[in-house]
file entry_30.cif (mmCIF, C-alpha atoms and all ligand atoms)
data_structure
#
loop_
_atom_site.label_atom_id
_atom_site.label_comp_id
_atom_site.auth_asym_id
_atom_site.auth_seq_id
_atom_site.Cartn_x
_atom_site.Cartn_y
_atom_site.Cartn_z
CA MET A 1209 -19.77 19.89 4.21
CA THR A 1210 -21.58 17.94 6.87
CA TYR A 1211 -20.29 17.35 10.38
CA ARG A 1212 -21.32 13.70 10.01
CA ALA A 1213 -18.79 13.14 7.21
CA PRO A 1214 -15.59 11.17 7.93
CA ILE A 1215 -12.09 12.51 8.64
CA GLY A 1216 -9.56 11.63 5.90
CA ILE A 1217 -6.03 10.68 6.95
CA PHE A 1218 -3.15 9.82 4.63
CA ASP A 1219 0.50 8.86 4.57
CA SER A 1220 2.85 7.13 2.17
CA GLY A 1221 2.17 3.97 4.16
CA ILE A 1222 1.62 2.94 7.76
CA GLY A 1223 3.38 5.88 9.44
CA GLY A 1224 0.14 7.83 9.68
CA LEU A 1225 -1.46 5.04 11.71
CA SER A 1226 0.45 6.46 14.69
CA ILE A 1227 -1.63 9.64 14.30
CA ALA A 1228 -4.83 7.85 13.24
CA SER A 1229 -4.84 5.77 16.42
CA LYS A 1230 -4.60 8.93 18.55
CA VAL A 1231 -7.44 10.52 16.54
CA ARG A 1232 -9.49 7.36 17.01
CA ALA A 1233 -8.92 7.45 20.79
CA LEU A 1234 -9.63 11.17 21.13
CA LEU A 1235 -12.66 11.31 18.84
CA PRO A 1236 -14.38 7.92 19.22
CA GLY A 1237 -17.57 8.93 17.40
CA GLU A 1238 -15.79 10.16 14.26
CA ASP A 1239 -15.53 8.02 11.14
CA ILE A 1240 -12.03 7.71 9.69
CA VAL A 1241 -10.97 7.04 6.11
CA TYR A 1242 -7.25 6.15 6.04
CA VAL A 1243 -5.25 5.97 2.83
CA ALA A 1244 -1.80 4.39 2.61
CA ASP A 1245 -0.19 5.45 -0.66
CA SER A 1246 1.94 2.31 -0.40
CA GLY A 1247 2.36 1.87 -4.14
CA HIS A 1248 4.37 5.10 -4.11
CA ALA A 1249 6.23 4.73 -0.80
CA PRO A 1250 8.60 5.83 0.46
CA TYR A 1251 8.11 9.54 -0.20
CA GLY A 1252 11.32 10.46 1.59
CA ASP A 1253 13.62 10.25 -1.44
CA ARG A 1254 11.19 11.61 -4.05
CA SER A 1255 11.10 15.00 -5.72
CA ASP A 1256 8.83 17.82 -4.54
CA GLN A 1257 6.80 17.46 -7.73
CA TYR A 1258 6.26 13.74 -7.20
CA ILE A 1259 5.12 14.18 -3.58
CA LEU A 1260 2.85 17.05 -4.58
CA GLU A 1261 1.21 14.99 -7.33
CA ARG A 1262 0.71 12.07 -4.95
CA SER A 1263 -0.74 14.40 -2.31
CA PHE A 1264 -3.23 15.74 -4.87
CA ALA A 1265 -4.13 12.23 -6.11
CA VAL A 1266 -4.73 10.90 -2.59
CA THR A 1267 -6.69 14.01 -1.58
CA ASP A 1268 -8.88 13.67 -4.69
CA PHE A 1269 -9.65 10.12 -3.58
CA LEU A 1270 -10.43 11.25 0.00
CA ILE A 1271 -12.70 14.01 -1.31
CA SER A 1272 -14.50 11.37 -3.39
CA ARG A 1273 -15.09 9.57 -0.05
CA ASN A 1274 -16.75 12.77 1.14
CA VAL A 1275 -14.29 13.64 3.94
CA LYS A 1276 -14.85 16.86 5.96
CA ALA A 1277 -11.15 17.39 6.78
CA VAL A 1278 -7.80 15.89 5.75
CA VAL A 1279 -4.98 14.99 8.11
CA VAL A 1280 -1.67 14.91 6.26
CA ALA A 1281 -0.17 12.31 8.61
CA CYS A 1282 3.25 12.53 7.00
CA ASN A 1283 6.02 15.03 7.74
CA THR A 1284 7.40 14.70 4.23
CA ALA A 1285 4.05 15.47 2.54
CA THR A 1286 3.25 18.23 5.03
CA THR A 1287 6.55 20.05 4.63
CA THR A 1288 6.46 19.84 0.82
CA SER A 1289 2.76 20.06 -0.03
CA ILE A 1290 0.39 21.37 2.62
CA ALA A 1291 0.42 24.97 1.37
CA ALA A 1292 -0.52 23.81 -2.13
CA LEU A 1293 -3.20 21.49 -0.75
CA ARG A 1294 -4.76 24.32 1.24
CA ALA A 1295 -4.73 26.53 -1.83
CA ARG A 1296 -6.45 23.89 -3.98
CA TYR A 1297 -9.16 22.36 -1.76
CA ALA A 1298 -11.84 23.88 0.44
CA VAL A 1299 -11.64 21.34 3.30
CA PRO A 1300 -9.43 22.04 6.33
CA PHE A 1301 -5.98 20.38 6.32
CA ILE A 1302 -4.10 19.44 9.48
CA GLY A 1303 -0.45 18.50 9.00
CA VAL A 1304 2.46 17.22 11.04
CA GLU A 1305 5.95 18.70 11.38
CA PRO A 1306 8.94 17.60 13.46
CA GLY A 1307 8.42 18.63 17.10
CA ILE A 1308 11.40 20.94 17.30
CA LYS A 1309 9.78 23.46 19.65
CA PRO A 1310 8.93 20.99 22.45
CA ALA A 1311 12.33 19.34 21.97
CA VAL A 1312 14.16 22.65 22.40
CA LEU A 1313 12.17 23.38 25.57
CA ASN A 1314 13.06 19.94 26.90
CA SER A 1315 16.78 19.92 26.11
CA ARG A 1316 19.25 20.56 28.94
CA SER A 1317 22.38 19.79 26.93
CA GLY A 1318 21.43 22.36 24.28
CA VAL A 1319 21.66 19.78 21.50
CA VAL A 1320 18.54 18.38 19.83
CA GLY A 1321 18.76 15.53 17.31
CA VAL A 1322 16.19 15.17 14.54
CA LEU A 1323 15.54 11.88 12.76
CA ALA A 1324 13.52 12.38 9.56
CA THR A 1325 13.40 11.58 5.87
CA ALA A 1326 16.01 13.15 3.62
CA LYS A 1327 13.26 15.16 1.91
CA THR A 1328 11.79 16.66 5.09
CA LEU A 1329 15.21 17.85 6.23
CA VAL A 1330 15.85 19.89 3.07
CA THR A 1331 12.45 21.58 2.84
CA ASP A 1332 12.06 25.32 3.40
CA SER A 1333 9.52 24.74 6.14
CA PHE A 1334 11.89 22.49 8.09
CA THR A 1335 14.70 25.02 7.68
CA ALA A 1336 12.41 27.77 8.95
CA LEU A 1337 11.44 25.63 11.96
CA ALA A 1338 15.06 24.85 12.77
CA ASN A 1339 16.17 28.48 12.31
CA ALA A 1340 13.47 29.75 14.65
CA VAL A 1341 14.96 28.08 17.72
CA ALA A 1342 16.94 29.87 20.40
CA ALA A 1343 20.53 30.66 19.42
CA ASN A 1344 21.92 28.61 22.31
CA VAL A 1345 20.34 25.34 21.07
CA ARG A 1346 21.95 23.34 18.28
CA ILE A 1347 19.85 21.21 15.94
CA GLU A 1348 21.63 18.14 14.57
CA ILE A 1349 19.83 16.39 11.71
CA MET A 1350 19.99 12.77 10.59
CA PRO A 1351 18.26 11.50 7.44
CA CYS A 1352 17.28 7.83 7.91
CA PRO A 1353 16.70 6.40 4.42
CA GLU A 1354 16.35 2.76 5.45
CA LEU A 1355 14.09 3.18 8.44
CA VAL A 1356 10.76 3.53 6.61
CA LEU A 1357 11.36 0.33 4.63
CA GLN A 1358 12.25 -1.47 7.85
CA ILE A 1359 8.99 -0.32 9.43
CA GLU A 1360 6.86 -1.05 6.36
CA ALA A 1361 8.30 -4.60 6.49
CA LEU A 1362 7.08 -4.82 10.13
CA LYS A 1363 10.56 -5.51 11.45
CA LEU A 1364 9.76 -3.67 14.67
CA ASP A 1365 11.22 -5.79 17.43
CA HIS A 1366 14.38 -4.76 19.26
CA HIS A 1367 16.48 -7.61 17.86
CA GLU A 1368 15.39 -6.78 14.28
CA ALA A 1369 15.70 -3.00 14.39
CA ALA A 1370 18.24 -2.00 17.06
CA GLY A 1371 21.24 -2.24 14.72
CA LEU A 1372 19.78 0.13 12.15
CA VAL A 1373 18.47 2.49 14.81
CA LYS A 1374 21.91 2.61 16.41
CA LYS A 1375 23.50 3.54 13.09
CA TYR A 1376 21.33 6.67 12.86
CA LEU A 1377 21.18 7.55 16.52
CA GLN A 1378 24.80 7.11 17.59
CA PRO A 1379 26.20 10.16 15.73
CA LEU A 1380 23.50 12.36 17.31
CA LEU A 1381 24.25 11.04 20.79
CA GLU A 1382 27.96 11.61 20.19
CA GLN A 1383 27.16 15.25 19.36
CA GLY A 1384 25.61 15.54 22.83
CA ALA A 1385 21.92 15.31 21.91
CA ASP A 1386 19.77 14.65 24.97
CA THR A 1387 16.49 15.02 23.09
CA ILE A 1388 15.59 13.16 19.90
CA VAL A 1389 12.76 14.28 17.62
CA LEU A 1390 10.94 11.60 15.66
CA GLY A 1391 10.43 13.68 12.51
CA CYS A 1392 8.66 11.01 10.48
CA THR A 1393 5.37 9.43 11.51
CA HIS A 1394 6.67 5.95 10.71
CA TYR A 1395 9.29 6.20 13.46
CA ALA A 1396 6.62 6.18 16.18
CA HIS A 1397 6.29 2.45 15.47
CA LEU A 1398 9.94 2.08 16.52
CA ALA A 1399 9.79 4.52 19.45
CA HIS A 1400 10.37 1.70 21.95
CA VAL A 1401 13.51 0.55 20.13
CA ILE A 1402 14.77 4.12 19.68
CA ALA A 1403 14.22 4.84 23.39
CA GLY A 1404 15.98 1.60 24.31
CA VAL A 1405 19.01 2.40 22.16
CA ALA A 1406 19.14 6.03 23.33
CA GLY A 1407 19.04 5.08 27.00
CA PRO A 1408 17.28 6.59 30.02
CA ASN A 1409 18.96 10.01 29.87
CA VAL A 1410 17.61 10.86 26.42
CA SER A 1411 14.04 12.07 25.77
CA ILE A 1412 12.12 11.08 22.68
CA VAL A 1413 9.74 13.69 21.23
CA SER A 1414 6.99 12.86 18.77
CA THR A 1415 3.92 14.82 17.86
CA GLU A 1416 1.04 12.42 17.17
CA THR A 1417 -0.90 13.37 20.31
CA ALA A 1418 -0.45 17.08 19.53
CA VAL A 1419 -1.72 16.49 15.99
CA ALA A 1420 -4.79 14.61 17.25
CA ASN A 1421 -5.52 17.50 19.65
CA GLU A 1422 -5.18 19.92 16.76
CA VAL A 1423 -7.62 17.83 14.69
CA ARG A 1424 -10.18 18.14 17.48
CA ARG A 1425 -9.61 21.88 17.92
CA ARG A 1426 -9.92 22.45 14.19
CA LEU A 1427 -13.15 20.45 13.87
CA GLU A 1428 -14.59 22.32 16.85
CA ARG A 1429 -13.64 25.67 15.36
CA GLU A 1430 -15.25 24.79 12.02
CA GLY A 1431 -18.39 23.32 13.63
CA LEU A 1432 -17.52 19.92 12.16
CA VAL A 1433 -17.54 17.63 15.21
CA THR A 1434 -19.94 14.72 14.79
CA ASN A 1435 -22.91 14.39 17.14
CA LYS A 1436 -23.06 10.61 16.65
CA VAL A 1437 -22.89 8.68 19.89
CA GLN A 1438 -22.10 5.22 18.52
CA ALA A 1439 -18.48 4.27 17.76
CA GLY A 1440 -17.16 5.61 14.45
CA PHE A 1441 -16.12 3.26 11.64
CA ASP A 1442 -12.60 2.92 10.23
CA GLU A 1443 -12.07 2.51 6.50
CA PHE A 1444 -8.60 1.57 5.19
CA TRP A 1445 -7.37 1.87 1.61
CA SER A 1446 -4.06 1.12 -0.04
CA ASN A 1447 -2.67 0.96 -3.55
CA GLY A 1448 0.01 -1.56 -2.57
CA SER A 1449 -0.35 -5.22 -1.65
CA LEU A 1450 -3.61 -5.56 0.27
CA GLU A 1451 -2.44 -8.78 1.85
CA HIS A 1452 0.56 -7.00 3.35
CA PHE A 1453 -1.54 -3.98 4.37
CA GLN A 1454 -3.93 -6.31 6.17
CA ARG A 1455 -0.97 -7.85 8.02
CA GLN A 1456 0.29 -4.39 8.97
CA LEU A 1457 -3.11 -3.40 10.33
CA ASP A 1458 -3.53 -6.66 12.22
CA ARG A 1459 -0.27 -5.84 13.98
CA LEU A 1460 -0.65 -2.09 14.46
CA TRP A 1461 -4.33 -1.13 14.56
CA GLY A 1462 -5.42 -3.34 17.39
CA ARG A 1463 -8.86 -4.28 16.14
CA PRO A 1464 -10.12 -6.19 13.13
CA VAL A 1465 -10.58 -4.11 9.96
CA THR A 1466 -11.04 -4.72 6.28
CA VAL A 1467 -9.04 -3.03 3.56
CA GLY A 1468 -9.84 -1.80 0.06
CA GLN A 1469 -7.80 -1.11 -3.08
CA PHE A 1470 -7.74 2.49 -4.23
N1 LIG A 1501 5.69 8.85 7.20
C1 LIG A 1501 6.29 9.84 6.40
C2 LIG A 1501 6.81 11.02 7.15
O1 LIG A 1501 6.29 11.34 8.20
C3 LIG A 1501 6.94 9.48 5.11
C4 LIG A 1501 7.95 8.41 5.08
C5 LIG A 1501 8.34 8.09 3.66
O2 LIG A 1501 7.46 7.70 2.90
O3 LIG A 1501 9.52 8.24 3.32
O4 LIG A 1501 7.71 11.69 6.73
#

call {"tool": "encode", "arguments": {"input": "entry_30.cif", "output": "structure tokens"}}
result
Amino acid sequence: MTYRAPIGIFDSGIGGLSIASKVRALLPGEDIVYVADSGHAPYGDRSDQYILERSFAVTDFLISRNVKAVVVACNTATTTSIAALRARYAVPFIGVEPGIKPAVLNSRSGVVGVLATAKTLVTDSFTALANAVAANVRIEIMPCPELVLQIEALKLDHHEAAGLVKKYLQPLLEQGADTIVLGCTHYAHLAHVIAGVAGPNVSIVSTETAVANEVRRRLEREGLVTNKVQAGFDEFWSNGSLEHFQRQLDRLWGRPVTVGQF
């Protein structure tokens, strides 16, 4: 595997862009191949087997694009599939899990709320994460089935999204949560609305910067950091509507890109 090869990043859709943009900023010389498995989104209500098969299919595609590492930029795919991915492929995998540890350290009320997909919240790895916290901190969970569709549809402004966000957030705030974990990479695109609804006394925790830092550490450890000095390229693939994907990227990526069908 050459250090000049690209980094592969995937998600069920545009959630992983929140991580990809941090990777892009932190590692400007690296090439990125991003796959949105939009034809199979959302993952959050699917079976383990379905998510595993999709994770294999997308990784096969990324490997065919010669990637040197894969970022599973999806909590749902990480919590269900990353162990199987690591067992099957030789490239390093970097995943994302809900930021429970930083949230617990931050909480003063002793109640942490977690917004995530229904699937993530019932996985063994999430349960292990939640059980590992100090006994005096309570973790309140909230599956948010409609939020990913809302975000995929680019309804991201306060007036479009605040009602739905309130529906999921209110019960956690009523339980006394002063720290809210964004346990799905899509939700980062609504972080401003979530923070607005939660109010100034509630902290929002998300992990995309931590994941980007981990990508860099991992590449350094494996001797896989590029030595290119010119800006890396970004390659975007989707198996959903390319027209819509292009619109999503125009709104969320911040620079012109072209998309391909995979
Ligand atoms: N963005 C994903 C996550 O972090 C998956 C959302 C979905 O497809 O349901 O969990």

call {"tool": "residues_near_ligand", "arguments": {"input": "entry_30.cif", "ligand": "ligand LIG 1501 (chain A)", "cutoff": "10 Å", "atoms": "only C-alpha atoms and all ligand atoms", "output": "short mmCIF file (atom, residue, chain, number, x, y, z; two decimals) with C-alpha atoms, keeping the file's coordinate frame"}}
result
data_model
loop_
_atom_site.label_atom_id
_atom_site.label_comp_id
_atom_site.auth_asym_id
_atom_site.auth_seq_id
_atom_site.Cartn_x
_atom_site.Cartn_y
_atom_site.Cartn_z
CA PHE A 1218 -3.15 9.82 4.63
CA ASP A 1219 0.50 8.86 4.57
CA SER A 1220 2.85 7.13 2.17
CA GLY A 1221 2.17 3.97 4.16
CA ILE A 1222 1.62 2.94 7.76
CA GLY A 1223 3.38 5.88 9.44
CA GLY A 1224 0.14 7.83 9.68
CA LEU A 1225 -1.46 5.04 11.71
CA SER A 1226 0.45 6.46 14.69
CA ALA A 1244 -1.80 4.39 2.61
CA ASP A 1245 -0.19 5.45 -0.66
CA SER A 1246 1.94 2.31 -0.40
CA HIS A 1248 4.37 5.10 -4.11
CA ALA A 1249 6.23 4.73 -0.80
CA PRO A 1250 8.60 5.83 0.46
CA TYR A 1251 8.11 9.54 -0.20
CA GLY A 1252 11.32 10.46 1.59
CA ASP A 1253 13.62 10.25 -1.44
CA ARG A 1254 11.19 11.61 -4.05
CA ILE A 1259 5.12 14.18 -3.58
CA VAL A 1280 -1.67 14.91 6.26
CA ALA A 1281 -0.17 12.31 8.61
CA CYS A 1282 3.25 12.53 7.00
CA ASN A 1283 6.02 15.03 7.74
CA THR A 1284 7.40 14.70 4.23
CA ALA A 1285 4.05 15.47 2.54
CA THR A 1286 3.25 18.23 5.03
CA THR A 1287 6.55 20.05 4.63
CA GLY A 1303 -0.45 18.50 9.00
CA VAL A 1304 2.46 17.22 11.04
CA GLU A 1305 5.95 18.70 11.38
CA PRO A 1306 8.94 17.60 13.46
CA LEU A 1323 15.54 11.88 12.76
CA ALA A 1324 13.52 12.38 9.56
CA THR A 1325 13.40 11.58 5.87
CA ALA A 1326 16.01 13.15 3.62
CA LYS A 1327 13.26 15.16 1.91
CA THR A 1328 11.79 16.66 5.09
CA LEU A 1329 15.21 17.85 6.23
CA CYS A 1352 17.28 7.83 7.91
CA PRO A 1353 16.70 6.40 4.42
CA GLU A 1354 16.35 2.76 5.45
CA LEU A 1355 14.09 3.18 8.44
CA VAL A 1356 10.76 3.53 6.61
CA LEU A 1357 11.36 0.33 4.63
CA ILE A 1359 8.99 -0.32 9.43
CA GLU A 1360 6.86 -1.05 6.36
CA LEU A 1390 10.94 11.60 15.66
CA GLY A 1391 10.43 13.68 12.51
CA CYS A 1392 8.66 11.01 10.48
CA THR A 1393 5.37 9.43 11.51
CA HIS A 1394 6.67 5.95 10.71
CA TYR A 1395 9.29 6.20 13.46
CA ALA A 1396 6.62 6.18 16.18
#

call {"tool": "residues_around", "arguments": {"input": "entry_30.cif", "residues": "Gln1378 in chain A", "least_positions_apart": "4", "cutoff": "9 Å", "atoms": "all atoms listed in the file", "output": "PyMOL selection string"}}
result
chain A and resi 1373-1374+1382-1383+1405-1406

call {"tool": "residues_around", "arguments": {"input": "entry_30.cif", "residues": "Gly1468 in chain A", "least_positions_apart": "5", "cutoff": "10 Å", "atoms": "only C-alpha atoms", "output": "ChimeraX atom specification"}}
result
/A:1243,1443-1447,1450,1453-1454

call {"tool": "closest_residue", "arguments": {"input": "entry_30.cif", "among": "A:Asp1268, A:Glu1422, A:Asp1256, A:Glu1261", "to": "Leu1235 in chain A", "atoms": "all atoms listed in the file"}}
result
A:Glu1422

call {"tool": "closest_residue", "arguments": {"input": "entry_30.cif", "among": "A:Ile1308, A:Thr1288, A:Ser1229, A:Gly1237", "to": "Val1437 in chain A", "atoms": "only C-alpha atoms"}}
result
A:Gly1237

call {"tool": "residues_around", "arguments": {"input": "entry_30.cif", "residues": "Thr1434 in chain A", "least_positions_apart": "2", "cutoff": "6 Å", "atoms": "all atoms listed in the file", "output": "mmCIF file with C-alpha atoms, keeping the file's coordinate frame"}}
result
data_model
loop_
_atom_site.group_PDB
_atom_site.id
_atom_site.type_symbol
_atom_site.label_atom_id
_atom_site.label_comp_id
_atom_site.auth_asym_id
_atom_site.auth_seq_id
_atom_site.Cartn_x
_atom_site.Cartn_y
_atom_site.Cartn_z
ATOM 1 C CA TYR A 1211 -20.290 17.350 10.380
ATOM 2 C CA ARG A 1212 -21.320 13.700 10.010
ATOM 3 C CA LYS A 1436 -23.060 10.610 16.650
#

call {"tool": "closest_residue", "arguments": {"input": "entry_30.cif", "among": "A:Val1401, A:Leu1427, A:Ile1240, A:Ala1277", "to": "Gly1371 in chain A", "atoms": "all atoms listed in the file"}}
result
A:Val1401

call {"tool": "atom_distance", "arguments": {"input": "entry_30.cif", "atom1": "CA of Val1330 in chain A", "atom2": "CA of Leu1381 in chain A"}}
result
21.5 Å

call {"tool": "closest_residue", "arguments": {"input": "entry_30.cif", "among": "A:Leu1364, A:Ala1385, A:Leu1372, A:Val1345", "to": "His1400 in chain A", "atoms": "only C-alpha atoms"}}
result
A:Leu1364

call {"tool": "atom_distance", "arguments": {"input": "entry_30.cif", "atom1": "CA of Val1389 in chain A", "atom2": "CA of Phe1334 in chain A"}}
result
12.6 Å

call {"tool": "closest_residue", "arguments": {"input": "entry_30.cif", "among": "A:Lys1309, A:Ile1290, A:Ile1347, A:Asp1365", "to": "Gly1404 in chain A", "atoms": "all atoms listed in the file"}}
result
A:Asp1365

call {"tool": "residues_around", "arguments": {"input": "entry_30.cif", "residues": "range 1408-1411 of chain A", "least_positions_apart": "4", "cutoff": "7 Å", "atoms": "all atoms listed in the file", "output": "PDB file with C-alpha atoms, in the coordinates of the input"}}
result
ATOM      1  CA  ASP A1386      19.770  14.650  24.970  1.00  0.00           C
ATOM      2  CA  THR A1387      16.490  15.020  23.090  1.00  0.00           C
ATOM      3  CA  ILE A1388      15.590  13.160  19.900  1.00  0.00           C
TER       4      ILE A1388
END

call {"tool": "residues_around", "arguments": {"input": "entry_30.cif", "residues": "Arg1426 in chain A", "least_positions_apart": "2", "cutoff": "12 Å", "atoms": "only C-alpha atoms", "output": "list in words"}}
result
Ile1215, Lys1276, Ala1277, Val1278, Val1279, Val1299, Pro1300, Phe1301, Ile1302, Gly1303, Val1419, Ala1420, Asn1421, Glu1422, Val1423, Arg1424, Glu1428, Arg1429, Glu1430, Gly1431, Leu1432 and Val1433 of chain A

call {"tool": "closest_residue", "arguments": {"input": "entry_30.cif", "among": "A:Ser1315, A:Thr1331, A:Asn1344, A:Gln1358", "to": "Val1413 in chain A", "atoms": "only C-alpha atoms"}}
result
A:Ser1315

call {"tool": "atom_distance", "arguments": {"input": "entry_30.cif", "atom1": "CA of His1397 in chain A", "atom2": "CA of Tyr1376 in chain A"}}
result
15.8 Å
